[in-house]
>>> print(open('structure.csv').read())   # CSV, C-alpha atoms
chain,number,residue,atom,x,y,z
A,1,MET,CA,76.0,136.0,52.4
A,2,ARG,CA,72.8,134.0,53.0
A,3,SER,CA,69.7,134.5,50.9
A,4,PHE,CA,67.6,135.8,53.8
A,5,VAL,CA,69.9,138.8,54.1
A,6,ALA,CA,69.5,139.7,50.5
A,7,LEU,CA,65.7,139.5,50.9
A,8,SER,CA,65.5,141.6,54.0
A,9,MET,CA,68.3,144.2,54.0
A,10,LYS,CA,66.5,147.4,53.3
A,11,LYS,CA,66.7,149.5,56.5
A,12,GLN,CA,69.4,150.3,59.0
A,13,PHE,CA,69.0,150.8,62.7
A,14,THR,CA,70.4,154.3,63.4
A,15,LEU,CA,70.1,154.6,67.2
A,16,SER,CA,73.5,154.8,69.0
A,17,TYR,CA,74.8,152.5,71.7
A,18,LYS,CA,74.9,155.5,74.1
A,19,GLU,CA,71.2,156.2,73.6
A,20,LEU,CA,70.4,152.5,74.2
A,21,ILE,CA,72.2,152.2,77.5
A,22,SER,CA,71.4,155.7,78.7
A,23,LEU,CA,70.1,156.2,82.3
A,24,GLU,CA,66.9,157.6,80.8
A,25,ASN,CA,66.2,154.5,78.8
A,26,LEU,CA,67.2,152.2,81.7
A,27,LEU,CA,64.7,154.1,84.0
A,28,GLU,CA,61.9,153.9,81.4
A,29,ALA,CA,62.7,150.2,81.0
A,30,TRP,CA,62.5,149.8,84.8
A,31,ARG,CA,59.0,151.3,84.8
A,32,GLU,CA,57.9,148.8,82.1
A,33,PHE,CA,59.6,145.9,83.8
A,34,LEU,CA,57.9,146.7,87.1
A,35,VAL,CA,54.4,146.1,85.8
A,36,GLY,CA,52.9,143.1,87.6
A,37,LYS,CA,56.2,142.3,89.5
A,38,GLN,CA,56.1,144.8,92.4
A,39,SER,CA,55.3,142.0,95.0
A,40,ARG,CA,58.2,139.7,93.9
A,41,THR,CA,61.1,139.3,96.3
A,42,ASP,CA,63.9,139.7,93.7
A,43,THR,CA,62.2,142.9,92.3
A,44,GLN,CA,61.8,144.4,95.8
A,45,GLU,CA,65.4,143.7,96.6
A,46,TYR,CA,66.7,145.4,93.5
A,47,ALA,CA,64.4,148.3,94.1
A,48,LEU,CA,65.9,148.9,97.6
A,49,ALA,CA,68.9,150.6,96.0
A,50,LEU,CA,67.3,151.3,92.6
A,51,MET,CA,69.4,154.3,91.5
A,52,GLN,CA,72.7,152.8,92.6
A,53,ASN,CA,71.8,149.6,90.8
A,54,ILE,CA,70.8,151.3,87.6
A,55,GLN,CA,73.8,153.6,87.7
A,56,ALA,CA,76.1,150.6,88.2
A,57,LEU,CA,74.5,148.8,85.3
A,58,ASN,CA,74.9,151.9,83.1
A,59,GLN,CA,78.6,152.1,84.2
A,60,ASP,CA,79.2,148.5,83.3
A,61,LEU,CA,77.6,149.0,79.9
A,62,SER,CA,79.5,152.2,79.3
A,63,SER,CA,82.8,150.6,80.1
A,64,SER,CA,82.0,147.4,78.2
A,65,SER,CA,82.5,145.4,81.4
A,66,TYR,CA,78.9,144.1,81.5
A,67,ARG,CA,78.5,140.3,81.4
A,68,HIS,CA,75.1,138.6,81.3
A,69,GLY,CA,74.5,136.3,84.3
A,70,GLY,CA,73.1,132.8,84.4
A,71,TYR,CA,69.5,131.5,84.6
A,72,ARG,CA,67.2,129.9,87.0
A,73,ALA,CA,65.4,127.0,85.3
A,74,PHE,CA,61.9,125.7,86.0
A,75,THR,CA,59.0,124.0,84.1
A,76,ILE,CA,55.5,125.2,83.4
A,77,SER,CA,52.5,123.6,81.7
A,78,ASP,CA,51.3,125.8,78.9
A,79,PRO,CA,49.5,123.4,78.2
A,80,LYS,CA,52.4,121.0,77.5
A,81,PRO,CA,55.5,121.2,79.7
A,82,ARG,CA,57.8,124.0,78.8
A,83,ASP,CA,61.3,124.7,80.2
A,84,ILE,CA,61.6,128.4,81.3
A,85,HIS,CA,64.9,130.0,82.1
A,86,LYS,CA,64.7,133.1,84.2
A,87,ALA,CA,67.5,135.7,84.3
A,88,SER,CA,68.3,138.0,87.2
A,89,VAL,CA,66.4,141.3,87.7
A,90,ARG,CA,69.5,143.2,86.5
A,91,ASP,CA,69.6,141.2,83.2
A,92,ARG,CA,65.9,141.3,82.7
A,93,LEU,CA,66.0,145.1,83.1
A,94,LEU,CA,68.6,145.3,80.3
A,95,HIS,CA,66.3,143.0,78.2
A,96,HIS,CA,63.6,145.6,78.5
A,97,ALA,CA,65.9,148.5,77.7
A,98,ILE,CA,67.1,146.7,74.5
A,99,HIS,CA,63.5,145.7,73.5
A,100,ARG,CA,62.0,149.1,73.9
A,101,LYS,CA,64.6,150.6,71.5
A,102,LEU,CA,64.9,147.8,69.0
A,103,TYR,CA,61.3,146.7,68.7
A,104,PRO,CA,59.9,149.9,67.1
A,105,PHE,CA,62.5,149.6,64.4
A,106,PHE,CA,61.9,145.9,63.7
A,107,GLN,CA,58.1,146.3,63.9
A,108,ASP,CA,58.3,148.2,60.6
A,109,VAL,CA,60.6,145.5,59.1
A,110,PHE,CA,58.3,142.5,59.9
A,111,VAL,CA,55.6,141.5,57.4
A,112,ALA,CA,52.1,142.6,58.1
A,113,ASP,CA,50.8,139.0,58.7
A,114,SER,CA,53.3,138.1,61.4
A,115,TYR,CA,51.3,138.2,64.7
A,116,SER,CA,53.2,136.9,67.7
A,117,CYS,CA,54.8,139.1,70.4
A,118,GLN,CA,53.8,142.4,68.7
A,119,ARG,CA,51.8,145.4,69.8
A,120,LYS,CA,48.3,145.7,68.5
A,121,LYS,CA,48.5,142.2,67.1
A,122,GLY,CA,48.3,138.8,68.9
A,123,VAL,CA,46.1,135.7,68.6
A,124,HIS,CA,42.7,137.4,68.1
A,125,ARG,CA,43.9,139.5,65.2
A,126,ALA,CA,45.5,136.4,63.7
A,127,LEU,CA,42.2,134.6,64.0
A,128,LYS,CA,40.3,137.4,62.2
A,129,ARG,CA,42.9,137.4,59.4
A,130,PHE,CA,42.5,133.7,59.1
A,131,ALA,CA,38.7,134.1,58.6
A,132,SER,CA,39.2,136.9,56.1
A,133,PHE,CA,41.7,134.9,54.0
A,134,GLY,CA,39.4,131.8,54.1
A,135,ASN,CA,36.5,133.9,52.8
A,136,THR,CA,38.6,135.5,50.1
A,137,VAL,CA,40.3,132.4,48.8
A,138,SER,CA,37.0,130.4,48.9
A,139,GLN,CA,35.2,133.3,47.2
A,140,ASN,CA,32.5,133.3,49.9
A,141,ASN,CA,32.6,129.5,50.1
A,142,THR,CA,31.9,129.0,46.4
A,143,ARG,CA,35.1,127.2,45.6
A,144,THR,CA,37.5,124.9,47.5
A,145,CYS,CA,40.0,126.6,49.8
A,146,TRP,CA,43.1,124.5,50.6
A,147,ILE,CA,45.3,125.4,53.6
A,148,LEU,CA,48.9,124.3,54.2
A,149,LYS,CA,49.6,124.3,57.9
A,150,CYS,CA,53.1,123.9,59.3
A,151,ASP,CA,54.9,123.9,62.7
A,152,ILE,CA,58.6,124.2,63.2
A,153,LYS,CA,60.2,121.4,65.3
A,154,LYS,CA,61.5,122.5,68.7
A,155,PHE,CA,62.0,126.0,67.4
A,156,PHE,CA,63.4,127.8,70.4
A,157,ALA,CA,65.9,125.0,71.1
A,158,ASN,CA,67.1,125.1,67.5
A,159,VAL,CA,67.7,128.8,66.8
A,160,HIS,CA,71.4,129.0,65.7
A,161,HIS,CA,73.2,131.9,67.2
A,162,ASP,CA,75.5,132.5,64.2
A,163,ILE,CA,72.5,132.8,61.8
A,164,LEU,CA,70.7,135.2,64.2
A,165,GLN,CA,74.0,137.2,64.5
A,166,GLU,CA,74.2,137.4,60.7
A,167,ILE,CA,70.6,138.7,60.6
A,168,LEU,CA,71.3,141.3,63.3
A,169,ARG,CA,74.4,142.5,61.4
A,170,ALA,CA,72.3,143.0,58.3
A,171,TYR,CA,70.3,145.7,60.1
A,172,ILE,CA,72.5,147.1,62.9
A,173,PRO,CA,75.8,148.8,62.0
A,174,ASP,CA,76.8,149.8,65.5
A,175,LYS,CA,79.5,147.4,66.7
A,176,ASP,CA,78.8,148.2,70.4
A,177,ILE,CA,75.1,147.3,70.1
A,178,LEU,CA,76.0,144.2,68.3
A,179,ALA,CA,78.5,143.2,71.0
A,180,LEU,CA,75.8,143.8,73.6
A,181,LEU,CA,73.3,141.6,71.7
A,182,ASP,CA,75.9,138.9,71.4
A,183,ASN,CA,76.5,139.1,75.1
A,184,VAL,CA,72.8,138.4,75.7
A,185,LEU,CA,72.5,135.8,73.0
A,186,LEU,CA,75.5,133.8,74.0
A,187,SER,CA,74.4,133.7,77.7
A,188,PHE,CA,72.3,130.7,76.9
A,189,ASN,CA,72.4,127.4,75.0
A,190,ALA,CA,69.9,124.6,74.8
A,191,GLY,CA,72.4,121.8,75.5
A,192,ARG,CA,74.5,122.5,72.4
A,193,PRO,CA,77.0,125.5,72.2
A,194,GLY,CA,75.7,128.2,69.9
A,195,VAL,CA,72.2,126.9,69.7
A,196,GLY,CA,68.9,127.8,71.5
A,197,LEU,CA,67.1,130.7,73.0
A,198,PRO,CA,65.6,130.9,76.6
A,199,LEU,CA,61.8,131.1,76.7
A,200,GLY,CA,62.0,133.5,79.7
A,201,ASN,CA,63.8,136.5,78.0
A,202,LEU,CA,61.9,139.4,76.6
A,203,THR,CA,64.7,139.7,74.0
A,204,SER,CA,63.9,136.2,72.9
A,205,GLN,CA,60.5,137.4,71.7
A,206,LEU,CA,62.2,139.9,69.4
A,207,PHE,CA,65.0,137.5,68.3
A,208,VAL,CA,62.5,134.8,67.2
A,209,ASN,CA,60.5,137.2,65.1
A,210,MET,CA,63.7,138.5,63.5
A,211,TYR,CA,64.9,134.9,62.8
A,212,LEU,CA,61.6,133.9,61.3
A,213,ASN,CA,61.1,137.2,59.5
A,214,ALA,CA,63.6,135.6,57.1
A,215,LEU,CA,61.1,132.8,56.4
A,216,ASP,CA,58.3,135.4,56.1
A,217,ALA,CA,60.3,137.3,53.5
A,218,PHE,CA,61.0,134.1,51.6
A,219,VAL,CA,57.4,133.1,51.5
A,220,LYS,CA,56.1,136.6,50.6
A,221,HIS,CA,58.8,137.7,48.2
A,222,ARG,CA,60.3,134.6,46.7
A,223,LEU,CA,57.3,132.3,46.7
A,224,LYS,CA,54.9,135.2,46.2
A,225,ALA,CA,52.4,133.6,48.5
A,226,THR,CA,49.7,136.3,49.2
A,227,PHE,CA,47.6,134.5,51.8
A,228,TYR,CA,50.1,133.7,54.6
A,229,ILE,CA,49.9,134.0,58.4
A,230,ARG,CA,52.5,133.2,60.9
A,231,TYR,CA,52.2,133.1,64.7
A,232,CYS,CA,55.5,132.3,66.3
A,233,ASP,CA,56.5,129.0,64.8
A,234,ASP,CA,53.1,128.1,63.4
A,235,PHE,CA,52.1,129.3,60.0
A,236,VAL,CA,49.5,128.7,57.3
A,237,ILE,CA,49.2,129.4,53.6
A,238,PHE,CA,45.8,129.5,51.7
A,239,SER,CA,45.2,128.7,48.1
A,240,TYR,CA,42.5,127.3,45.8
A,241,ASP,CA,45.3,125.1,44.2
A,242,ARG,CA,46.5,122.1,46.3
A,243,SER,CA,49.4,121.4,43.9
A,244,LEU,CA,50.7,124.9,44.5
A,245,LEU,CA,50.7,124.3,48.2
A,246,GLU,CA,52.6,121.1,47.8
A,247,ALA,CA,55.2,122.9,45.8
A,248,TYR,CA,55.4,125.6,48.5
A,249,LEU,CA,55.9,122.9,51.1
A,250,ALA,CA,58.9,121.4,49.3
A,251,GLU,CA,60.5,124.8,48.9
A,252,ILE,CA,59.8,125.9,52.5
A,253,HIS,CA,61.3,122.6,53.8
A,254,ASP,CA,64.5,123.2,51.8
A,255,TYR,CA,64.7,126.9,52.7
A,256,LEU,CA,64.3,126.2,56.4
A,257,LEU,CA,66.9,123.5,56.4
A,258,THR,CA,69.6,125.2,54.3
A,259,SER,CA,69.2,128.9,55.4
A,260,LEU,CA,67.9,128.7,59.0
A,261,GLN,CA,68.9,125.1,60.0
A,262,LEU,CA,65.3,124.4,61.1
A,263,GLU,CA,63.0,121.5,60.4
A,264,LEU,CA,59.3,121.2,60.0
A,265,HIS,CA,57.6,119.0,62.6
A,266,PRO,CA,56.7,115.8,60.5
A,267,ARG,CA,53.4,115.2,62.5
A,268,LYS,CA,52.3,118.8,62.4
A,269,VAL,CA,52.3,119.5,58.6
A,270,SER,CA,49.0,119.1,56.7
A,271,ILE,CA,47.2,120.3,53.6
A,272,ASP,CA,43.4,120.3,54.2
A,273,THR,CA,40.3,122.0,53.0
A,274,LEU,CA,38.8,124.7,55.1
A,275,ALA,CA,35.5,122.9,54.8
A,276,SER,CA,37.0,119.9,56.6
A,277,GLY,CA,38.2,122.0,59.5
A,278,VAL,CA,41.7,123.3,60.1
A,279,ASP,CA,43.2,123.5,63.6
A,280,PHE,CA,45.2,126.7,64.1
A,281,LEU,CA,45.9,128.7,67.3
A,282,GLY,CA,43.7,126.6,69.5
A,283,TRP,CA,40.6,126.7,67.3
A,284,VAL,CA,39.3,124.5,64.5
A,285,HIS,CA,38.3,126.7,61.6
A,286,TYR,CA,35.4,126.2,59.1
A,287,PRO,CA,34.1,128.5,56.3
A,288,ARG,CA,31.4,130.1,58.5
A,289,HIS,CA,32.5,129.5,62.1
A,290,ARG,CA,35.2,128.2,64.4
A,291,ILE,CA,35.0,125.9,67.4
A,292,LEU,CA,37.4,125.4,70.3
A,293,ARG,CA,40.0,122.6,70.0
A,294,THR,CA,39.0,119.5,71.9
A,295,THR,CA,42.2,119.4,74.0
A,296,THR,CA,41.6,123.1,74.9
A,297,LYS,CA,38.0,122.3,76.1
A,298,ARG,CA,39.3,119.4,78.3
A,299,ARG,CA,42.0,121.6,79.8
A,300,MET,CA,39.4,124.4,80.4
A,301,PHE,CA,37.0,122.1,82.3
A,302,LYS,CA,39.9,120.5,84.3
A,303,ARG,CA,41.1,123.9,85.4
A,304,ILE,CA,37.7,125.0,86.5
A,305,ASP,CA,37.4,121.8,88.6
A,306,GLU,CA,40.8,122.5,90.1
A,307,SER,CA,40.4,126.2,90.6
A,308,PRO,CA,36.7,127.4,90.5
A,309,ARG,CA,37.5,131.1,90.9
A,310,SER,CA,35.6,133.9,89.2
A,311,GLU,CA,38.7,135.3,87.5
A,312,VAL,CA,39.4,131.9,85.9
A,313,LEU,CA,35.8,131.7,84.7
A,314,SER,CA,36.0,135.2,83.3
A,315,SER,CA,39.2,134.5,81.4
A,316,TYR,CA,37.6,131.5,79.7
A,317,LEU,CA,34.4,133.3,78.9
A,318,GLY,CA,36.5,136.0,77.3
A,319,LEU,CA,38.3,133.3,75.2
A,320,LEU,CA,34.9,131.8,74.1
A,321,GLN,CA,33.8,135.1,72.7
A,322,HIS,CA,36.0,134.4,69.6
A,323,GLY,CA,34.1,131.4,68.3
A,324,THR,CA,30.8,129.5,68.0
A,325,THR,CA,30.5,128.5,71.6
A,326,ILE,CA,26.9,129.1,72.9
A,327,LYS,CA,26.5,125.5,74.2
A,328,LEU,CA,30.1,125.5,75.5
A,329,LYS,CA,29.5,128.6,77.5
A,330,ARG,CA,26.4,127.0,79.1
A,331,ASP,CA,28.4,123.9,79.9
A,332,LEU,CA,31.2,126.0,81.4
A,333,LEU,CA,28.9,128.0,83.6
A,334,LYS,CA,27.2,124.7,84.8
A,335,LYS,CA,30.6,123.2,85.5
A,336,TYR,CA,31.7,126.3,87.4
A,337,SER,CA,28.6,126.3,89.6
A,338,ILE,CA,29.0,122.6,90.4
A,339,ALA,CA,32.7,123.0,91.1
A,340,ARG,CA,32.1,126.0,93.4
A,341,GLU,CA,29.3,124.1,95.3
A,342,ASN,CA,31.5,121.0,95.8
A,343,ARG,CA,34.4,123.2,97.0
A,344,PHE,CA,32.3,124.3,100.0
A,345,LEU,CA,30.8,121.0,100.9
A,346,PRO,CA,32.2,119.3,104.0
A,347,PRO,CA,34.6,116.4,103.3
>>> encode(input="structure.csv", output="structure tokens")
Amino acid sequence: MRSFVALSMKKQFTLSYKELISLENLLEAWREFLVGKQSRTDTQEYALALMQNIQALNQDLSSSSYRHGGYRAFTISDPKPRDIHKASVRDRLLHHAIHRKLYPFFQDVFVADSYSCQRKKGVHRALKRFASFGNTVSQNNTRTCWILKCDIKKFFANVHHDILQEILRAYIPDKDILALLDNVLLSFNAGRPGVGLPLGNLTSQLFVNMYLNALDAFVKHRLKATFYIRYCDDFVIFSYDRSLLEAYLAEIHDYLLTSLQLELHPRKVSIDTLASGVDFLGWVHYPRHRILRTTTKRRMFKRIDESPRSEVLSSYLGLLQHGTTIKLKRDLLKKYSIARENRFLPP
């Protein structure tokens, strides 16, 4: 048994398979799935015979004849190119049904300072926690605060199914639920059998947090690191002692490799002082303020040029509320005005 199981195995998921696949849960999952998707063709087609489709899905699940379908692949820029794999409406409905029952249980299992893909968390709360930790460790900027920053190399493409299955089995005793999760998990690989998660699945958001909760437990309980924040596959640890962070880095490297078969990105690992500026979650953080990352600024102005719409401007102005950005707001408003004016000029 791997060490991450010993660290984490405290609670058991008690919901039954029958409750998870019930018509009631599938209908509630449909209501959640529908948000923002009513105008999409595949959603409308599924909705034309909604009850028949949901009853057929329930029957397939009840008889253990359900098989997850394939995926439609496409690429988005977010900001770098990302390969998205989109399942059918039927399969995505099941993802919602699984997520809405498993997530509340695992939310209580996750450490407090894991922030991605969780309700009442997200980027902004992670940023506030970063500022709080920086203030605490630096003792109100009276001593040096060192920050170890790490990124996991090609994380989604390197999640090993057998390791994730072992983690699932540590918490979930119901064999039918485990078989269903295996069905979803094994429906995809990233070019190697038994490896990889699709970016387009709602279940993937839960799976990645479960996978890296093992890392969280190792850092918090084995290394005893108090000031730790993780957002998806990016994480930071604060300390007034650089040598301690160097020791943490060596142990984390070994743990990821041996227990989770993951590697740190060699060009995205650093130990820097907070006073020198630390780039995390799109912002460069300092003891008393944070500024927007240069690449994010460039992308923001480029998008305003390409699409000078009020909703695009509003979204960026909302983003800029979370840092020291008075001059940047003025520049953005000026850029928006010029872009809007040029848009209506004759060619």
>>> residues_around(input="structure.csv", residues="Arg290 in chain A", least_positions_apart="5", cutoff="7 Å", atoms="only C-alpha atoms", output="ChimeraX atom specification")
/A:283-285,323-324
>>> atom_distance(input="structure.csv", atom1="CA of Ile338 in chain A", atom2="CA of Lys80 in chain A")
26.8 Å
>>> residues_around(input="structure.csv", residues="Asp216 in chain A", least_positions_apart="3", cutoff="10 Å", atoms="all atoms listed in the file", output="PDB file with C-alpha atoms, in the frame of the given file")
ATOM      1  CA  PHE A   4      67.600 135.800  53.800  1.00  0.00           C
ATOM      2  CA  LEU A   7      65.700 139.500  50.900  1.00  0.00           C
ATOM      3  CA  SER A   8      65.500 141.600  54.000  1.00  0.00           C
ATOM      4  CA  PHE A 110      58.300 142.500  59.900  1.00  0.00           C
ATOM      5  CA  VAL A 111      55.600 141.500  57.400  1.00  0.00           C
ATOM      6  CA  ALA A 112      52.100 142.600  58.100  1.00  0.00           C
ATOM      7  CA  ASP A 113      50.800 139.000  58.700  1.00  0.00           C
ATOM      8  CA  SER A 114      53.300 138.100  61.400  1.00  0.00           C
ATOM      9  CA  ASN A 209      60.500 137.200  65.100  1.00  0.00           C
ATOM     10  CA  MET A 210      63.700 138.500  63.500  1.00  0.00           C
ATOM     11  CA  TYR A 211      64.900 134.900  62.800  1.00  0.00           C
ATOM     12  CA  LEU A 212      61.600 133.900  61.300  1.00  0.00           C
ATOM     13  CA  ASN A 213      61.100 137.200  59.500  1.00  0.00           C
ATOM     14  CA  VAL A 219      57.400 133.100  51.500  1.00  0.00           C
ATOM     15  CA  LYS A 220      56.100 136.600  50.600  1.00  0.00           C
ATOM     16  CA  HIS A 221      58.800 137.700  48.200  1.00  0.00           C
ATOM     17  CA  ARG A 222      60.300 134.600  46.700  1.00  0.00           C
ATOM     18  CA  LEU A 223      57.300 132.300  46.700  1.00  0.00           C
ATOM     19  CA  ALA A 225      52.400 133.600  48.500  1.00  0.00           C
ATOM     20  CA  TYR A 228      50.100 133.700  54.600  1.00  0.00           C
ATOM     21  CA  ILE A 229      49.900 134.000  58.400  1.00  0.00           C
ATOM     22  CA  ARG A 230      52.500 133.200  60.900  1.00  0.00           C
ATOM     23  CA  PHE A 235      52.100 129.300  60.000  1.00  0.00           C
TER      24      PHE A 235
END
>>> atom_distance(input="structure.csv", atom1="CA of Asn342 in chain A", atom2="CA of Ser314 in chain A")
19.4 Å
>>> atom_distance(input="structure.csv", atom1="CA of Thr136 in chain A", atom2="CA of His289 in chain A")
14.7 Å
>>> closest_residue(input="structure.csv", among="A:Gln12, A:Lys297, A:Leu333, A:Asn183", to="Ser65 in chain A", atoms="all atoms listed in the file")
A:Asn183
>>> closest_atom_pairs(input="structure.csv", of="range 115-166 of chain A", to="range 243-259 of chain A", cutoff="12 Å", atoms="only C-alpha atoms", output="JSON lines")
{"residue": "A:Cys145", "atom": "CA", "partner": "A:Leu245", "partner_atom": "CA", "distance": 11.1}
{"residue": "A:Trp146", "atom": "CA", "partner": "A:Leu245", "partner_atom": "CA", "distance": 8.0}
{"residue": "A:Ile147", "atom": "CA", "partner": "A:Leu245", "partner_atom": "CA", "distance": 7.7}
{"residue": "A:Leu148", "atom": "CA", "partner": "A:Leu245", "partner_atom": "CA", "distance": 6.3}
{"residue": "A:Lys149", "atom": "CA", "partner": "A:Leu249", "partner_atom": "CA", "distance": 9.4}
{"residue": "A:Cys150", "atom": "CA", "partner": "A:Leu249", "partner_atom": "CA", "distance": 8.7}
{"residue": "A:Asp151", "atom": "CA", "partner": "A:His253", "partner_atom": "CA", "distance": 11.0}
{"residue": "A:Ile152", "atom": "CA", "partner": "A:Leu256", "partner_atom": "CA", "distance": 9.1}
{"residue": "A:Lys153", "atom": "CA", "partner": "A:Leu256", "partner_atom": "CA", "distance": 10.9}
{"residue": "A:Phe155", "atom": "CA", "partner": "A:Leu256", "partner_atom": "CA", "distance": 11.2}
{"residue": "A:Asn158", "atom": "CA", "partner": "A:Leu257", "partner_atom": "CA", "distance": 11.2}
{"residue": "A:Val159", "atom": "CA", "partner": "A:Leu256", "partner_atom": "CA", "distance": 11.2}
{"residue": "A:His160", "atom": "CA", "partner": "A:Ser259", "partner_atom": "CA", "distance": 10.5}
{"residue": "A:Asp162", "atom": "CA", "partner": "A:Ser259", "partner_atom": "CA", "distance": 11.4}
{"residue": "A:Ile163", "atom": "CA", "partner": "A:Ser259", "partner_atom": "CA", "distance": 8.2}
{"residue": "A:Leu164", "atom": "CA", "partner": "A:Ser259", "partner_atom": "CA", "distance": 10.9}
{"residue": "A:Glu166", "atom": "CA", "partner": "A:Ser259", "partner_atom": "CA", "distance": 11.2}
>>> residues_around(input="structure.csv", residues="range 126-135 of chain A", least_positions_apart="3", cutoff="7 Å", atoms="all atoms listed in the file", output="PyMOL selection string")
chain A and resi 115+122-123+138-141+145+227+287
>>> residues_around(input="structure.csv", residues="Leu181 in chain A", least_positions_apart="5", cutoff="9 Å", atoms="all atoms listed in the file", output="PDB file with C-alpha atoms, keeping the file's coordinate frame")
ATOM      1  CA  ILE A  98      67.100 146.700  74.500  1.00  0.00           C
ATOM      2  CA  GLN A 165      74.000 137.200  64.500  1.00  0.00           C
ATOM      3  CA  LEU A 168      71.300 141.300  63.300  1.00  0.00           C
ATOM      4  CA  ASP A 176      78.800 148.200  70.400  1.00  0.00           C
ATOM      5  CA  LEU A 186      75.500 133.800  74.000  1.00  0.00           C
TER       6      LEU A 186
END
>>> residues_around(input="structure.csv", residues="Gln38 in chain A", least_positions_apart="6", cutoff="12 Å", atoms="only C-alpha atoms", output="ChimeraX atom specification")
/A:30-32,44-48,89
>>> decode(input="structure.csv", residues="range 314-319 of chain A", atoms="all heavy atoms", output="PDB file, in the first residue's frame")
ATOM      1  N   SER A 314     -15.436  44.844 -18.916  1.00  0.00           N
ATOM      2  CA  SER A 314     -15.911  44.651 -17.534  1.00  0.00           C
ATOM      3  C   SER A 314     -15.204  43.492 -16.854  1.00  0.00           C
ATOM      4  O   SER A 314     -14.863  43.570 -15.667  1.00  0.00           O
ATOM      5  CB  SER A 314     -17.429  44.413 -17.525  1.00  0.00           C
ATOM      6  OG  SER A 314     -18.119  45.551 -17.988  1.00  0.00           O
ATOM      7  N   SER A 315     -14.981  42.408 -17.603  1.00  0.00           N
ATOM      8  CA  SER A 315     -14.318  41.249 -17.004  1.00  0.00           C
ATOM      9  C   SER A 315     -12.891  41.586 -16.590  1.00  0.00           C
ATOM     10  O   SER A 315     -12.423  41.174 -15.520  1.00  0.00           O
ATOM     11  CB  SER A 315     -14.333  40.061 -17.967  1.00  0.00           C
ATOM     12  OG  SER A 315     -13.499  40.303 -19.084  1.00  0.00           O
ATOM     13  N   TYR A 316     -12.194  42.381 -17.417  1.00  0.00           N
ATOM     14  CA  TYR A 316     -10.827  42.757 -17.073  1.00  0.00           C
ATOM     15  C   TYR A 316     -10.783  43.768 -15.933  1.00  0.00           C
ATOM     16  O   TYR A 316      -9.900  43.709 -15.072  1.00  0.00           O
ATOM     17  CB  TYR A 316     -10.096  43.299 -18.306  1.00  0.00           C
ATOM     18  CG  TYR A 316      -9.619  42.196 -19.228  1.00  0.00           C
ATOM     19  CD1 TYR A 316      -9.965  42.172 -20.565  1.00  0.00           C
ATOM     20  CD2 TYR A 316      -8.801  41.174 -18.740  1.00  0.00           C
ATOM     21  CE1 TYR A 316      -9.533  41.155 -21.407  1.00  0.00           C
ATOM     22  CE2 TYR A 316      -8.356  40.154 -19.569  1.00  0.00           C
ATOM     23  CZ  TYR A 316      -8.729  40.147 -20.896  1.00  0.00           C
ATOM     24  OH  TYR A 316      -8.295  39.136 -21.717  1.00  0.00           O
ATOM     25  N   LEU A 317     -11.744  44.703 -15.926  1.00  0.00           N
ATOM     26  CA  LEU A 317     -11.791  45.645 -14.809  1.00  0.00           C
ATOM     27  C   LEU A 317     -12.054  44.914 -13.495  1.00  0.00           C
ATOM     28  O   LEU A 317     -11.525  45.281 -12.442  1.00  0.00           O
ATOM     29  CB  LEU A 317     -12.868  46.708 -15.055  1.00  0.00           C
ATOM     30  CG  LEU A 317     -12.558  47.723 -16.163  1.00  0.00           C
ATOM     31  CD1 LEU A 317     -13.766  48.631 -16.400  1.00  0.00           C
ATOM     32  CD2 LEU A 317     -11.327  48.562 -15.812  1.00  0.00           C
ATOM     33  N   GLY A 318     -12.866  43.861 -13.561  1.00  0.00           N
ATOM     34  CA  GLY A 318     -13.100  43.037 -12.372  1.00  0.00           C
ATOM     35  C   GLY A 318     -11.826  42.343 -11.926  1.00  0.00           C
ATOM     36  O   GLY A 318     -11.519  42.285 -10.730  1.00  0.00           O
ATOM     37  N   LEU A 319     -11.062  41.810 -12.890  1.00  0.00           N
ATOM     38  CA  LEU A 319      -9.786  41.173 -12.560  1.00  0.00           C
ATOM     39  C   LEU A 319      -8.843  42.157 -11.889  1.00  0.00           C
ATOM     40  O   LEU A 319      -8.178  41.827 -10.892  1.00  0.00           O
ATOM     41  CB  LEU A 319      -9.152  40.629 -13.852  1.00  0.00           C
ATOM     42  CG  LEU A 319      -7.697  40.158 -13.767  1.00  0.00           C
ATOM     43  CD1 LEU A 319      -7.587  38.901 -12.905  1.00  0.00           C
ATOM     44  CD2 LEU A 319      -7.132  39.900 -15.162  1.00  0.00           C
TER      45      LEU A 319
END
